[in-house]
Every structure is written in C-alpha cells, then in structure tokens.
>>> print(open('my_file_18.cif').read())   # mmCIF, N, CA and C atoms
data_upload
loop_
_atom_site.label_atom_id
_atom_site.label_comp_id
_atom_site.auth_asym_id
_atom_site.auth_seq_id
_atom_site.Cartn_x
_atom_site.Cartn_y
_atom_site.Cartn_z
N MET A 827 25.06 -6.28 -27.41
CA MET A 827 23.96 -6.50 -26.49
C MET A 827 23.58 -5.17 -25.84
N LYS A 828 22.30 -4.84 -25.82
CA LYS A 828 21.83 -3.59 -25.25
C LYS A 828 21.08 -3.85 -23.95
N SER A 829 21.13 -2.88 -23.06
CA SER A 829 20.35 -2.95 -21.83
C SER A 829 18.94 -2.48 -22.11
N PHE A 830 17.97 -3.15 -21.52
CA PHE A 830 16.57 -2.76 -21.71
C PHE A 830 16.18 -1.71 -20.68
N MET A 831 15.53 -0.65 -21.13
CA MET A 831 15.00 0.35 -20.23
C MET A 831 13.54 0.58 -20.58
N ALA A 832 12.70 0.40 -19.61
CA ALA A 832 11.26 0.58 -19.84
C ALA A 832 10.94 2.06 -19.99
N LYS A 833 9.93 2.34 -20.79
CA LYS A 833 9.44 3.70 -20.95
C LYS A 833 8.05 3.78 -20.32
N THR A 834 7.73 4.90 -19.75
CA THR A 834 6.49 5.05 -18.99
C THR A 834 5.26 4.78 -19.85
N ASN A 835 5.26 5.24 -21.09
CA ASN A 835 4.07 5.07 -21.93
C ASN A 835 3.94 3.65 -22.50
N GLU A 836 4.96 2.80 -22.36
CA GLU A 836 4.90 1.44 -22.88
C GLU A 836 4.55 0.40 -21.82
N VAL A 837 4.38 0.83 -20.57
CA VAL A 837 4.12 -0.10 -19.47
C VAL A 837 2.65 -0.47 -19.45
N GLU A 838 2.36 -1.79 -19.42
CA GLU A 838 0.99 -2.26 -19.28
C GLU A 838 0.70 -2.46 -17.80
N ARG A 839 -0.32 -1.81 -17.31
CA ARG A 839 -0.63 -1.87 -15.89
C ARG A 839 -1.84 -2.76 -15.65
N LYS A 840 -1.73 -3.64 -14.67
CA LYS A 840 -2.84 -4.50 -14.26
C LYS A 840 -3.41 -3.98 -12.96
N TRP A 841 -4.57 -4.49 -12.60
CA TRP A 841 -5.20 -4.18 -11.33
C TRP A 841 -5.27 -5.46 -10.51
N TYR A 842 -4.87 -5.37 -9.25
CA TYR A 842 -4.90 -6.51 -8.34
C TYR A 842 -5.74 -6.17 -7.11
N VAL A 843 -6.44 -7.17 -6.59
CA VAL A 843 -7.18 -7.04 -5.34
C VAL A 843 -6.48 -7.89 -4.30
N ILE A 844 -6.20 -7.30 -3.14
CA ILE A 844 -5.58 -8.01 -2.04
C ILE A 844 -6.53 -7.96 -0.85
N ASP A 845 -6.86 -9.11 -0.31
CA ASP A 845 -7.72 -9.21 0.86
C ASP A 845 -6.82 -9.20 2.10
N ALA A 846 -6.95 -8.17 2.94
CA ALA A 846 -6.07 -8.00 4.10
C ALA A 846 -6.54 -8.78 5.32
N GLU A 847 -7.62 -9.52 5.19
CA GLU A 847 -8.16 -10.25 6.34
C GLU A 847 -7.17 -11.32 6.81
N ASN A 848 -6.81 -11.25 8.09
CA ASN A 848 -5.88 -12.18 8.75
C ASN A 848 -4.49 -12.20 8.11
N LYS A 849 -4.07 -11.12 7.47
CA LYS A 849 -2.72 -11.00 6.93
C LYS A 849 -1.90 -10.13 7.88
N VAL A 850 -0.63 -10.49 8.07
CA VAL A 850 0.26 -9.70 8.91
C VAL A 850 0.63 -8.42 8.16
N LEU A 851 0.55 -7.30 8.84
CA LEU A 851 0.69 -5.98 8.20
C LEU A 851 2.00 -5.81 7.45
N GLY A 852 3.12 -6.08 8.08
CA GLY A 852 4.41 -5.84 7.45
C GLY A 852 4.67 -6.71 6.25
N ARG A 853 4.32 -7.97 6.34
CA ARG A 853 4.54 -8.90 5.23
C ARG A 853 3.66 -8.54 4.04
N MET A 854 2.44 -8.12 4.33
CA MET A 854 1.55 -7.72 3.26
C MET A 854 2.02 -6.41 2.63
N ALA A 855 2.52 -5.49 3.45
CA ALA A 855 2.97 -4.19 2.94
C ALA A 855 4.17 -4.33 2.01
N THR A 856 5.06 -5.29 2.28
CA THR A 856 6.20 -5.48 1.38
C THR A 856 5.75 -6.00 0.02
N GLU A 857 4.77 -6.90 0.02
CA GLU A 857 4.23 -7.40 -1.25
C GLU A 857 3.56 -6.28 -2.05
N ILE A 858 2.80 -5.44 -1.35
CA ILE A 858 2.12 -4.33 -2.02
C ILE A 858 3.14 -3.35 -2.58
N ALA A 859 4.19 -3.04 -1.81
CA ALA A 859 5.22 -2.11 -2.27
C ALA A 859 5.94 -2.66 -3.50
N ASN A 860 6.17 -3.97 -3.54
CA ASN A 860 6.81 -4.57 -4.71
C ASN A 860 5.93 -4.48 -5.95
N ILE A 861 4.62 -4.68 -5.77
CA ILE A 861 3.69 -4.58 -6.89
C ILE A 861 3.61 -3.14 -7.39
N LEU A 862 3.52 -2.17 -6.46
CA LEU A 862 3.40 -0.76 -6.84
C LEU A 862 4.64 -0.25 -7.57
N SER A 863 5.82 -0.74 -7.17
CA SER A 863 7.05 -0.28 -7.80
C SER A 863 7.40 -1.08 -9.05
N GLY A 864 6.77 -2.24 -9.25
CA GLY A 864 7.01 -3.04 -10.44
C GLY A 864 8.13 -4.04 -10.29
N LYS A 865 8.58 -4.30 -9.07
CA LYS A 865 9.69 -5.22 -8.86
C LYS A 865 9.31 -6.67 -9.13
N ASN A 866 8.03 -6.95 -9.26
CA ASN A 866 7.60 -8.31 -9.57
C ASN A 866 7.53 -8.56 -11.08
N LYS A 867 7.93 -7.59 -11.88
CA LYS A 867 7.89 -7.71 -13.35
C LYS A 867 9.30 -7.84 -13.91
N PRO A 868 9.44 -8.52 -15.04
CA PRO A 868 10.77 -8.61 -15.65
C PRO A 868 11.25 -7.31 -16.28
N ILE A 869 10.35 -6.35 -16.52
CA ILE A 869 10.75 -5.09 -17.15
C ILE A 869 11.09 -4.01 -16.12
N TYR A 870 11.29 -4.38 -14.87
CA TYR A 870 11.55 -3.40 -13.81
C TYR A 870 12.75 -2.52 -14.16
N THR A 871 12.53 -1.22 -14.07
CA THR A 871 13.57 -0.23 -14.26
C THR A 871 13.51 0.72 -13.07
N PRO A 872 14.61 0.93 -12.35
CA PRO A 872 14.56 1.69 -11.10
C PRO A 872 14.05 3.13 -11.22
N HIS A 873 14.34 3.79 -12.34
CA HIS A 873 13.96 5.21 -12.46
C HIS A 873 12.63 5.41 -13.19
N VAL A 874 11.89 4.32 -13.48
CA VAL A 874 10.60 4.40 -14.16
C VAL A 874 9.56 3.68 -13.32
N ASP A 875 8.38 4.27 -13.23
CA ASP A 875 7.28 3.64 -12.50
C ASP A 875 6.66 2.56 -13.38
N THR A 876 7.04 1.30 -13.15
CA THR A 876 6.54 0.19 -13.95
C THR A 876 5.51 -0.64 -13.19
N GLY A 877 5.03 -0.13 -12.07
CA GLY A 877 4.15 -0.91 -11.20
C GLY A 877 2.72 -0.97 -11.64
N ASP A 878 1.96 -1.79 -10.92
CA ASP A 878 0.54 -2.01 -11.19
C ASP A 878 -0.31 -1.34 -10.11
N PHE A 879 -1.62 -1.34 -10.33
CA PHE A 879 -2.56 -0.80 -9.37
C PHE A 879 -2.93 -1.88 -8.35
N VAL A 880 -3.18 -1.47 -7.11
CA VAL A 880 -3.53 -2.40 -6.04
C VAL A 880 -4.76 -1.87 -5.31
N VAL A 881 -5.74 -2.73 -5.13
CA VAL A 881 -6.92 -2.43 -4.33
C VAL A 881 -6.87 -3.34 -3.10
N VAL A 882 -6.82 -2.75 -1.92
CA VAL A 882 -6.76 -3.51 -0.67
C VAL A 882 -8.13 -3.43 -0.01
N ILE A 883 -8.71 -4.59 0.30
CA ILE A 883 -10.01 -4.63 0.98
C ILE A 883 -9.84 -5.26 2.36
N ASN A 884 -10.82 -5.06 3.21
CA ASN A 884 -10.83 -5.57 4.59
C ASN A 884 -9.63 -5.05 5.40
N ALA A 885 -9.34 -3.76 5.28
CA ALA A 885 -8.21 -3.17 6.00
C ALA A 885 -8.42 -3.20 7.51
N GLU A 886 -9.66 -3.25 7.94
CA GLU A 886 -9.93 -3.26 9.39
C GLU A 886 -9.62 -4.61 10.02
N LYS A 887 -9.41 -5.65 9.21
CA LYS A 887 -9.17 -7.00 9.75
C LYS A 887 -7.71 -7.43 9.63
N VAL A 888 -6.80 -6.47 9.43
CA VAL A 888 -5.38 -6.78 9.32
C VAL A 888 -4.85 -7.17 10.70
N LYS A 889 -3.78 -7.99 10.72
CA LYS A 889 -3.21 -8.46 11.98
C LYS A 889 -1.88 -7.78 12.25
N LEU A 890 -1.59 -7.59 13.52
CA LEU A 890 -0.27 -7.17 13.98
C LEU A 890 0.22 -8.24 14.93
N THR A 891 1.49 -8.60 14.84
CA THR A 891 2.02 -9.66 15.69
C THR A 891 2.42 -9.10 17.05
N GLY A 892 2.53 -9.98 18.00
CA GLY A 892 2.96 -9.58 19.34
C GLY A 892 1.94 -8.68 20.02
N ASN A 893 2.44 -7.72 20.77
CA ASN A 893 1.58 -6.80 21.51
C ASN A 893 1.56 -5.42 20.85
N LYS A 894 1.71 -5.40 19.51
CA LYS A 894 1.83 -4.12 18.81
C LYS A 894 0.54 -3.31 18.82
N TRP A 895 -0.60 -3.93 18.97
CA TRP A 895 -1.85 -3.15 19.02
C TRP A 895 -1.82 -2.13 20.14
N ASN A 896 -1.16 -2.45 21.24
CA ASN A 896 -1.10 -1.52 22.37
C ASN A 896 0.20 -0.75 22.44
N GLN A 897 1.30 -1.31 21.95
CA GLN A 897 2.60 -0.67 22.09
C GLN A 897 2.97 0.24 20.92
N LYS A 898 2.51 -0.06 19.72
CA LYS A 898 2.89 0.72 18.54
C LYS A 898 2.01 1.96 18.43
N ASN A 899 2.64 3.10 18.15
CA ASN A 899 1.92 4.37 18.04
C ASN A 899 2.20 5.01 16.69
N HIS A 900 1.20 5.74 16.18
CA HIS A 900 1.40 6.60 15.02
C HIS A 900 1.73 7.98 15.56
N VAL A 901 2.95 8.45 15.29
CA VAL A 901 3.41 9.72 15.84
C VAL A 901 3.48 10.74 14.71
N TYR A 902 2.91 11.92 14.95
CA TYR A 902 2.99 12.99 13.97
C TYR A 902 2.99 14.33 14.69
N HIS A 903 3.35 15.39 13.99
CA HIS A 903 3.40 16.73 14.58
C HIS A 903 2.47 17.63 13.79
N THR A 904 1.69 18.44 14.51
CA THR A 904 0.71 19.31 13.87
C THR A 904 1.35 20.53 13.23
N GLY A 905 2.55 20.89 13.66
CA GLY A 905 3.21 22.08 13.14
C GLY A 905 3.15 23.24 14.12
N TYR A 906 2.36 23.10 15.17
CA TYR A 906 2.27 24.12 16.20
C TYR A 906 3.17 23.75 17.38
N PRO A 907 3.58 24.74 18.19
CA PRO A 907 4.40 24.42 19.37
C PRO A 907 3.67 23.46 20.30
N GLY A 908 4.35 22.42 20.71
CA GLY A 908 3.74 21.41 21.58
C GLY A 908 2.74 20.53 20.86
N GLY A 909 2.84 20.45 19.53
CA GLY A 909 1.85 19.73 18.75
C GLY A 909 2.21 18.31 18.40
N LEU A 910 3.04 17.65 19.23
CA LEU A 910 3.38 16.26 18.98
C LEU A 910 2.21 15.37 19.40
N LYS A 911 1.72 14.56 18.47
CA LYS A 911 0.57 13.71 18.75
C LYS A 911 0.96 12.25 18.61
N GLU A 912 0.38 11.40 19.46
CA GLU A 912 0.58 9.96 19.39
C GLU A 912 -0.77 9.28 19.45
N ILE A 913 -1.00 8.38 18.51
CA ILE A 913 -2.24 7.62 18.49
C ILE A 913 -1.87 6.14 18.50
N PRO A 914 -2.30 5.37 19.51
CA PRO A 914 -2.01 3.93 19.49
C PRO A 914 -2.77 3.25 18.34
N TYR A 915 -2.18 2.21 17.81
CA TYR A 915 -2.78 1.51 16.67
C TYR A 915 -4.13 0.89 17.02
N SER A 916 -4.36 0.56 18.29
CA SER A 916 -5.66 0.01 18.68
C SER A 916 -6.76 1.04 18.47
N ARG A 917 -6.46 2.32 18.66
CA ARG A 917 -7.45 3.38 18.42
C ARG A 917 -7.50 3.76 16.94
N LEU A 918 -6.34 3.72 16.28
CA LEU A 918 -6.28 4.10 14.87
C LEU A 918 -7.07 3.14 13.99
N VAL A 919 -7.08 1.84 14.34
CA VAL A 919 -7.81 0.87 13.53
C VAL A 919 -9.31 1.07 13.65
N LYS A 920 -9.78 1.64 14.75
CA LYS A 920 -11.21 1.92 14.90
C LYS A 920 -11.60 3.18 14.15
N GLU A 921 -10.73 4.20 14.17
CA GLU A 921 -11.05 5.49 13.55
C GLU A 921 -10.77 5.50 12.05
N LYS A 922 -9.56 5.10 11.66
CA LYS A 922 -9.15 5.13 10.25
C LYS A 922 -8.38 3.85 9.92
N PRO A 923 -9.05 2.74 9.65
CA PRO A 923 -8.32 1.49 9.39
C PRO A 923 -7.49 1.53 8.11
N GLU A 924 -7.85 2.38 7.15
CA GLU A 924 -7.10 2.47 5.90
C GLU A 924 -5.72 3.07 6.13
N LYS A 925 -5.62 3.95 7.12
CA LYS A 925 -4.38 4.69 7.39
C LYS A 925 -3.23 3.77 7.78
N ILE A 926 -3.52 2.68 8.49
CA ILE A 926 -2.48 1.75 8.94
C ILE A 926 -1.75 1.15 7.74
N ILE A 927 -2.49 0.70 6.74
CA ILE A 927 -1.86 0.08 5.57
C ILE A 927 -1.16 1.14 4.73
N GLU A 928 -1.77 2.32 4.59
CA GLU A 928 -1.15 3.38 3.81
C GLU A 928 0.19 3.80 4.40
N LEU A 929 0.29 3.92 5.71
CA LEU A 929 1.54 4.30 6.37
C LEU A 929 2.61 3.24 6.19
N ALA A 930 2.23 1.96 6.32
CA ALA A 930 3.20 0.88 6.20
C ALA A 930 3.76 0.80 4.79
N VAL A 931 2.91 0.93 3.78
CA VAL A 931 3.37 0.82 2.39
C VAL A 931 4.16 2.07 1.99
N LYS A 932 3.71 3.23 2.41
CA LYS A 932 4.38 4.48 2.05
C LYS A 932 5.81 4.50 2.57
N GLY A 933 6.05 3.92 3.73
CA GLY A 933 7.39 3.87 4.29
C GLY A 933 8.33 2.96 3.52
N MET A 934 7.79 2.07 2.69
CA MET A 934 8.61 1.13 1.92
C MET A 934 8.85 1.57 0.48
N LEU A 935 8.28 2.71 0.10
CA LEU A 935 8.45 3.22 -1.26
C LEU A 935 9.51 4.33 -1.27
N PRO A 936 10.04 4.68 -2.45
CA PRO A 936 11.04 5.75 -2.52
C PRO A 936 10.48 7.08 -2.03
N LYS A 937 11.33 7.86 -1.38
CA LYS A 937 10.93 9.18 -0.88
C LYS A 937 11.26 10.23 -1.95
N SER A 938 10.54 10.18 -3.06
CA SER A 938 10.77 11.11 -4.17
C SER A 938 9.46 11.26 -4.94
N SER A 939 9.51 12.00 -6.03
CA SER A 939 8.30 12.15 -6.85
C SER A 939 7.88 10.81 -7.43
N LEU A 940 8.83 9.92 -7.65
CA LEU A 940 8.52 8.58 -8.15
C LEU A 940 7.69 7.81 -7.12
N GLY A 941 8.07 7.87 -5.85
CA GLY A 941 7.34 7.19 -4.78
C GLY A 941 5.97 7.80 -4.55
N ARG A 942 5.87 9.12 -4.68
CA ARG A 942 4.57 9.78 -4.51
C ARG A 942 3.60 9.37 -5.62
N GLY A 943 4.12 9.12 -6.81
CA GLY A 943 3.28 8.63 -7.89
C GLY A 943 2.86 7.19 -7.69
N MET A 944 3.74 6.40 -7.07
CA MET A 944 3.43 4.98 -6.83
C MET A 944 2.32 4.82 -5.80
N ILE A 945 2.36 5.62 -4.73
CA ILE A 945 1.38 5.45 -3.65
C ILE A 945 -0.02 5.83 -4.12
N LYS A 946 -0.12 6.65 -5.16
CA LYS A 946 -1.44 7.03 -5.69
C LYS A 946 -2.13 5.88 -6.43
N LYS A 947 -1.36 4.82 -6.77
CA LYS A 947 -1.94 3.67 -7.45
C LYS A 947 -2.50 2.64 -6.48
N MET A 948 -2.48 2.94 -5.18
CA MET A 948 -3.02 2.03 -4.18
C MET A 948 -4.33 2.60 -3.64
N LYS A 949 -5.36 1.78 -3.63
CA LYS A 949 -6.66 2.16 -3.09
C LYS A 949 -6.97 1.22 -1.93
N VAL A 950 -7.28 1.77 -0.76
CA VAL A 950 -7.51 0.97 0.44
C VAL A 950 -8.94 1.20 0.93
N TYR A 951 -9.63 0.10 1.25
CA TYR A 951 -11.00 0.16 1.73
C TYR A 951 -11.12 -0.66 3.01
N ALA A 952 -11.88 -0.13 3.98
CA ALA A 952 -12.03 -0.79 5.27
C ALA A 952 -12.87 -2.06 5.15
N GLY A 953 -13.91 -2.03 4.34
CA GLY A 953 -14.80 -3.18 4.20
C GLY A 953 -14.41 -4.06 3.03
N SER A 954 -15.32 -4.98 2.69
CA SER A 954 -15.03 -5.92 1.61
C SER A 954 -15.52 -5.42 0.25
N GLU A 955 -16.13 -4.26 0.20
CA GLU A 955 -16.64 -3.70 -1.06
C GLU A 955 -15.66 -2.65 -1.58
N HIS A 956 -15.48 -2.61 -2.92
CA HIS A 956 -14.70 -1.56 -3.55
C HIS A 956 -15.37 -1.16 -4.84
N LYS A 957 -15.00 0.00 -5.37
CA LYS A 957 -15.68 0.52 -6.55
C LYS A 957 -14.83 0.44 -7.82
N HIS A 958 -14.00 -0.61 -7.93
CA HIS A 958 -13.12 -0.74 -9.08
C HIS A 958 -13.40 -2.02 -9.87
N GLN A 959 -14.67 -2.45 -9.91
CA GLN A 959 -15.02 -3.64 -10.68
C GLN A 959 -14.84 -3.42 -12.18
N ALA A 960 -14.96 -2.18 -12.64
CA ALA A 960 -14.86 -1.89 -14.07
C ALA A 960 -13.46 -2.17 -14.62
N GLN A 961 -12.44 -2.15 -13.74
CA GLN A 961 -11.07 -2.40 -14.17
C GLN A 961 -10.74 -3.90 -14.21
N ASN A 962 -11.67 -4.75 -13.86
CA ASN A 962 -11.49 -6.21 -13.82
C ASN A 962 -10.23 -6.62 -13.04
N PRO A 963 -10.17 -6.29 -11.75
CA PRO A 963 -8.96 -6.63 -10.99
C PRO A 963 -8.86 -8.13 -10.73
N GLU A 964 -7.61 -8.63 -10.74
CA GLU A 964 -7.35 -10.02 -10.44
C GLU A 964 -7.05 -10.14 -8.95
N GLU A 965 -7.39 -11.29 -8.38
CA GLU A 965 -7.07 -11.52 -6.98
C GLU A 965 -5.60 -11.91 -6.88
N TYR A 966 -4.86 -11.25 -6.00
CA TYR A 966 -3.44 -11.51 -5.84
C TYR A 966 -3.24 -12.40 -4.61
N LYS A 967 -2.60 -13.54 -4.81
CA LYS A 967 -2.34 -14.49 -3.72
C LYS A 967 -0.85 -14.48 -3.39
N PHE A 968 -0.56 -14.51 -2.08
CA PHE A 968 0.83 -14.65 -1.63
C PHE A 968 0.90 -15.42 -0.35
#
>>> encode(input="my_file_18.cif", output="structure tokens")
Amino acid sequence: MKSFMAKTNEVERKWYVIDAENKVLGRMATEIANILSGKNKPIYTPHVDTGDFVVVINAEKVKLTGNKWNQKNHVYHTGYPGGLKEIPYSRLVKEKPEKIIELAVKGMLPKSSLGRGMIKKMKVYAGSEHKHQAQNPEEYKF
C-alpha cells in the first residue's frame, strides 16, 4: 500500500463565490482558509498547495459579534520611531472593508511561502459585483 501525495501540476482548481453578507467574520474566515489550503478535498497534502480560488463579495456587510466593532483594533507599525498605529474596526470597515477579511484569513494560513501563495488565490470585493464571471465560479454554502 502506498501513500498518496498530490503534485502541484495535477491539482484541479475550482472557483467559489462566498457572499459575506450577515456572516460572522471568524467563522467565515475559517471556511475560506480551509478552501484555500485544500483541506476540504480528499487529496489534501500538507506540503502542496491543493486549494481552490475564492471570491468574496459584500465584504462591507460582514458581522462581528459582541462589541468588537468598537473594541477590536487593527494594530501595525510604520517602521519609524513612534510609528505604532491603531485603527478601530468601525473605521476600517468604512475605509477598507476588504482588509478585514484579508487579515482574518491570512492569520489562519501557514506563515511560509506556501501560505503566501494561498492568500493570492483569494479575491475580496466590497460590493456585490466581481470581475471573475469568466471562471464560472460556484456559490459556496456553509
């Protein structure tokens, strides 16, 4: 009996559309991370990117539970002395609604070249329109 190992050039990739309207951010991000890494497929191999493409629409209508809109902050450093910045999620959703989903999913993927390749297969749009109709994406329900 041999162990199966997927090869990168043999993986068939599908396109999925996920509507983020009224979905809880963390629960949706785990589903997206599983699709991007290929954990929802029987051919999953940890050291090979076997995942599919994901198009997320309506990013501005995502939900956060509790009082996270006011309490949760996106913290980053500019690289200059005293350059620590904090942006509350209530302001971030108005300025860059795509960034909220990208940050949540990126934190759930591997921190390596494999994870950096996976995050490039996710496309996030604030509105309900996207430009990937040519790929015939399927609607993903969870």
>>> resolve_selection(input="my_file_18.cif", expression="the PyMOL selection byres ((chain A and resi 948) around 8)", output="mmCIF file with N, CA and C atoms, keeping the file's coordinate frame")
data_model
loop_
_atom_site.group_PDB
_atom_site.id
_atom_site.type_symbol
_atom_site.label_atom_id
_atom_site.label_comp_id
_atom_site.auth_asym_id
_atom_site.auth_seq_id
_atom_site.Cartn_x
_atom_site.Cartn_y
_atom_site.Cartn_z
ATOM 1 N N LEU A 862 3.520 -2.170 -6.460
ATOM 2 C CA LEU A 862 3.400 -0.760 -6.840
ATOM 3 C C LEU A 862 4.640 -0.250 -7.570
ATOM 4 N N ASP A 878 1.960 -1.790 -10.920
ATOM 5 C CA ASP A 878 0.540 -2.010 -11.190
ATOM 6 C C ASP A 878 -0.310 -1.340 -10.110
ATOM 7 N N PHE A 879 -1.620 -1.340 -10.330
ATOM 8 C CA PHE A 879 -2.560 -0.800 -9.370
ATOM 9 C C PHE A 879 -2.930 -1.880 -8.350
ATOM 10 N N VAL A 880 -3.180 -1.470 -7.110
ATOM 11 C CA VAL A 880 -3.530 -2.400 -6.040
ATOM 12 C C VAL A 880 -4.760 -1.870 -5.310
ATOM 13 N N VAL A 881 -5.740 -2.730 -5.130
ATOM 14 C CA VAL A 881 -6.920 -2.430 -4.330
ATOM 15 C C VAL A 881 -6.870 -3.340 -3.100
ATOM 16 N N VAL A 882 -6.820 -2.750 -1.920
ATOM 17 C CA VAL A 882 -6.760 -3.510 -0.670
ATOM 18 C C VAL A 882 -8.130 -3.430 -0.010
ATOM 19 N N GLY A 943 4.120 9.120 -6.810
ATOM 20 C CA GLY A 943 3.280 8.630 -7.890
ATOM 21 C C GLY A 943 2.860 7.190 -7.690
ATOM 22 N N MET A 944 3.740 6.400 -7.070
ATOM 23 C CA MET A 944 3.430 4.980 -6.830
ATOM 24 C C MET A 944 2.320 4.820 -5.800
ATOM 25 N N ILE A 945 2.360 5.620 -4.730
ATOM 26 C CA ILE A 945 1.380 5.450 -3.650
ATOM 27 C C ILE A 945 -0.020 5.830 -4.120
ATOM 28 N N LYS A 946 -0.120 6.650 -5.160
ATOM 29 C CA LYS A 946 -1.440 7.030 -5.690
ATOM 30 C C LYS A 946 -2.130 5.880 -6.430
ATOM 31 N N LYS A 947 -1.360 4.820 -6.770
ATOM 32 C CA LYS A 947 -1.940 3.670 -7.450
ATOM 33 C C LYS A 947 -2.500 2.640 -6.480
ATOM 34 N N LYS A 949 -5.360 1.780 -3.630
ATOM 35 C CA LYS A 949 -6.660 2.160 -3.090
ATOM 36 C C LYS A 949 -6.970 1.220 -1.930
ATOM 37 N N VAL A 950 -7.280 1.770 -0.760
ATOM 38 C CA VAL A 950 -7.510 0.970 0.440
ATOM 39 C C VAL A 950 -8.940 1.200 0.930
ATOM 40 N N TYR A 951 -9.630 0.100 1.250
ATOM 41 C CA TYR A 951 -11.000 0.160 1.730
ATOM 42 C C TYR A 951 -11.120 -0.660 3.010
#
>>> residues_around(input="my_file_18.cif", residues="Gly864 (chain A)", least_positions_apart="4", cutoff="6.5 Å", atoms="all atoms listed in the file", output="PyMOL selection string")
chain A and resi 859-860+870-871+875-878
>>> select_by_dssp(input="my_file_18.cif", residues="chain A", states="strand (DSSP E)", output="count of residues only")
25
>>> closest_residue(input="my_file_18.cif", among="A:Lys833, A:Asn896, A:Ser954, A:Glu886", to="Lys922 (chain A)", atoms="all atoms listed in the file")
A:Glu886
>>> closest_residue(input="my_file_18.cif", among="A:Trp895, A:Trp841, A:Tyr915, A:Tyr906", to="Tyr966 (chain A)", atoms="only N, CA and C atoms")
A:Trp841
>>> atom_distance(input="my_file_18.cif", atom1="atom N of Gly852 (chain A)", atom2="atom N of Arg839 (chain A)")
26.0 Å
>>> atom_distance(input="my_file_18.cif", atom1="CA of Ala960 (chain A)", atom2="CA of Asn884 (chain A)")
19.4 Å
>>> closest_residue(input="my_file_18.cif", among="A:Gly941, A:His903, A:Phe968, A:Thr834", to="Val874 (chain A)", atoms="only C-alpha atoms")
A:Thr834
>>> closest_residue(input="my_file_18.cif", among="A:Asn848, A:Ser863, A:Gln961, A:Val919", to="Leu935 (chain A)", atoms="all atoms listed in the file")
A:Ser863
>>> closest_residue(input="my_file_18.cif", among="A:Ala832, A:Ala930, A:Ile913, A:Leu918", to="Ile869 (chain A)", atoms="only N, CA and C atoms")
A:Ala832
>>> atom_distance(input="my_file_18.cif", atom1="atom C of Ala846 (chain A)", atom2="atom N of Leu940 (chain A)")
27.5 Å
